[in-house]
Amino acid sequence: MLLSIQPDSPVPIYQQIRDRIVEAIAAGELPAGASLPSTRQLAVDLGVNFHTVNKGYDLLRQEGLLRIGRKSGAVVRRDAGSGQADPGWEGDWAARLRTLLAEAIAQGLGPDEIGERGRAAVAGFRMRFEEGA
Amino acid sequence: MTTPAMLAGYFTVPLFGAMLCAGPAVTRPAVPFGVRAPADRAAASVIRRERDTYMRYTAAVTACATAAVFLSWGHGSWWLGRIILLLELAAELACYWRAHRRIAEAKRAGRWFAGQRTAVVADTRWRTEPERLPVRWLVPALAVIAATVSLRVAYGPPAARGPAGGLAVVIGQAYVTMLWTQLMLLFHRSRPDLDPADPVSSGQRYRRLLRAYTRALLVMVALVDLTLLLDGCRVWLVARVPPPLVLLPSMAGLLTMIGTALWAGRDRTEAETARLGRARAAGVTAPDDDRWWKGGLIYVHHDDPAIMVPARFGVGWTFNLGNPSAWLAVAGIVAAPIGLALLLR
């Protein structure tokens with residue numbers, strides 16, 4: 001998986017790391033059971049402090065997407081084919097989605113355009129996931 | 001009398017001069033003379049001009065130093081070759097510094113990074129499917145060390161020279177082999193030089209470069225060990241080995257290594273120059289990280305956990321002097337031969 005971050009972006013680097021990994025899981029690039037580099041190795045490759053990577057991995061662990069073991073390292077815990085999400089996750093996600101939709105509406109996007117963009121993004125992830133499978 | 005050390009002093013002058021002169025030809029176009037340039041400025045006129053000037057000046061310095069060293073052949077001590085080499089390196093460093101400063105000034109004045117979209121890319125497969133050190137290529141070096149031990153056991157040093165006379169050769173070989181093996185392990189753990197505009201191809205090129213470089217280095221280590229063995233034979237009076245023959249394996253190893261580095265670096269530079277147009281289309285470039293590079297050669301970044309990073313000038317790797325582990329590694333490299341020399345006195 002190619003993990004790209006933008007150091008000059010207003011989005012914190014740990015958040016960018018978390019977002020890129022979630023996208024790679026959704027697209028099937030990182031299936032359940034796939035290993036990720038250790039925090040130190042990824043920090044070396046990105047040239048950032050390893051606490052930054054640790055923070056990104058910790059977010060993913062809290063969201064139930066990563067399992068971090070002392071021996072196994074960071075491993076993808078679930079993907080699109082792993083069945084229902086953990087209880088409680090959907091409530092958090094709905095709250096974040098509500099904010100995202102509010103941003104779109106505040107910026108003048110209409111319901112049709114918002115719906116179209118959402119469908120296109122989901123179709124893109126599903127297509128890449130099925131190609132990978 | 002001409003000794004192998006004296007000969008080494010003479011031959012390294014044209015060799016190192018030619019190597020430094022060829023530096024810009026194997027340097028990535030994104031970092032001309034250690035200055036980070038965005039894709040749309042990599043072919044700027046100031047870079048072309050400074051590259052031509054640098055190559056002309058360093059070629060002249062190399063020619064003068066080579067003439068001086070061969071004219072001094074047979075006169076003075078072995079220090080003379082070393083002094084000429086140091087003067088040559090200082091003059092070529094001054095040529096480099098001139099080009100570096102002028103490009104950095106043009107970059108500041110032209111605000112090259114204003115409005116650029118920058119990104120850093122990591123390939124997680126680099127860690128989950130790492131490039132392994134080719135351990136089999138260590139066999140020749142170990143075989144030479146085994147042969148040296150066997151020779152020492154069979155013939156033994158003359159009593160007047162003491163046991164250290166024979167032991168020093170084996171310890172020297174072990175030091176060279178272990179030092180380079182450790183350094184190669186660090187090269188393998190270092191981050192790959194990925195181009196954010198073309199991460200897949202640049203990653204493949206980096207893997208090719210690392211493989212070729214590692215094998216060439218292991219060949220060089222075996223040949224340096226062979227030089228030490230031949231020198232040992234000469235000292236132990238096992239065989240009358242003329243000094244040029246003692247030096248021949250090391251020189252062959254050094255030439256193999258330099259040739260491989262030039263070939264691999266040239267391959268990378270040509271590929272990156274060819275894709276500069278695509279990078280302009282993608283509109284993404286590596287971030288401006290010049291503030292961590294002193295003179296474009298020395299890397300000091302306290303927040304970067306890397307011990308070694310790809311060098312900016314030529315082909316190879318350099319220590320991150322902002323990392324205490326790198327200082328420990330440098331101290332070990334320097335302290336080990338001094339300690340051994342004191343121990344064997």
# chains A, B, ... in the order shown; residues from 1 in each chain; ligands from 1

$ closest_atom_pairs --of "chain A" --to "chain B" --cutoff "12 Å" --atoms "only C-alpha atoms" --output "CSV"
residue,atom,partner,partner_atom,distance
A:Met1,CA,B:Thr124,CA,5.4
A:Leu2,CA,B:Asp123,CA,4.5
A:Leu3,CA,B:Ala122,CA,5.1
A:Ser4,CA,B:Val121,CA,4.3
A:Ile5,CA,B:Val120,CA,5.4
A:Gln6,CA,B:Ala119,CA,4.4
A:Pro7,CA,B:Ala119,CA,6.5
A:Asp8,CA,B:Thr118,CA,7.2
A:Ser9,CA,B:Thr118,CA,9.0
A:Ile13,CA,B:Val120,CA,10.8
A:Gln16,CA,B:Val120,CA,11.4
A:Ile17,CA,B:Ala122,CA,10.5
A:Arg20,CA,B:Val121,CA,11.1
A:Ile21,CA,B:Thr124,CA,10.5
A:Ala24,CA,B:Thr124,CA,11.3
A:Glu29,CA,B:Thr124,CA,11.0
A:Leu30,CA,B:Thr124,CA,10.2
A:Ala34,CA,B:Thr128,CA,9.1
A:Ser35,CA,B:Thr128,CA,6.7
A:Leu36,CA,B:Thr124,CA,6.6
A:Pro37,CA,B:Arg127,CA,5.6
A:Ser38,CA,B:Arg127,CA,8.4
A:Thr39,CA,B:Pro305,CA,10.6
A:Arg40,CA,B:Pro305,CA,7.4
A:Gln41,CA,B:Arg127,CA,7.2
A:Leu42,CA,B:Ala122,CA,7.4
A:Ala43,CA,B:Pro305,CA,6.8
A:Val44,CA,B:Ala306,CA,4.9
A:Asp45,CA,B:Arg191,CA,4.8
A:Leu46,CA,B:Ala122,CA,6.0
A:Gly47,CA,B:Asp304,CA,5.0
A:Val48,CA,B:Asp304,CA,5.4
A:Asn49,CA,B:Asp303,CA,5.3
A:Phe50,CA,B:Pro305,CA,7.1
A:His51,CA,B:Asp303,CA,10.1
A:Thr52,CA,B:Asp303,CA,10.5
A:Val53,CA,B:Pro305,CA,11.6
A:Ser72,CA,B:Thr128,CA,11.8
A:Gly73,CA,B:Thr128,CA,10.8
A:Ala74,CA,B:Thr128,CA,10.8
A:Val75,CA,B:Thr128,CA,10.9

$ residues_around --residues "Leu101 of chain A" --least-positions-apart "2" --cutoff "12 Å" --atoms "only C-alpha atoms" --output "PyMOL selection string"
chain A and resi 94-99+103-111+113-115+117-118

$ atom_distance --atom1 "atom CA of Ala212 of chain B" --atom2 "atom CA of Ala261 of chain B"
8.0 Å

$ select_by_dssp --residues "segment 36-103 of chain A" --states "helix (DSSP H, G or I)" --output "PyMOL selection string"
chain A and resi 39-46+50-62+89-103

$ atom_distance --atom1 "atom CA of Gly316 of chain B" --atom2 "atom CA of Pro134 of chain B"
17.7 Å

$ closest_residue --among "B:Gly322, B:Gly314, B:Pro243, B:Gly339" --to "Phe33 of chain B" --atoms "only C-alpha atoms"
B:Gly314

$ decode --residues "segment 83-95 of chain B" --atoms "C-alpha atoms" --output "CSV table (one decimal), in the first residue's frame"
chain,number,residue,atom,x,y,z
B,83,ILE,CA,48.3,15.6,1.3
B,84,ILE,CA,47.6,15.9,-2.4
B,85,LEU,CA,44.4,13.9,-2.0
B,86,LEU,CA,43.3,16.1,0.8
B,87,LEU,CA,44.0,19.3,-1.2
B,88,GLU,CA,42.1,17.8,-4.2
B,89,LEU,CA,39.1,16.9,-2.1
B,90,ALA,CA,39.1,20.4,-0.5
B,91,ALA,CA,39.2,22.1,-3.9
B,92,GLU,CA,36.4,19.9,-5.3
B,93,LEU,CA,34.3,20.5,-2.2
B,94,ALA,CA,34.7,24.2,-2.8
B,95,CYS,CA,33.4,23.7,-6.4
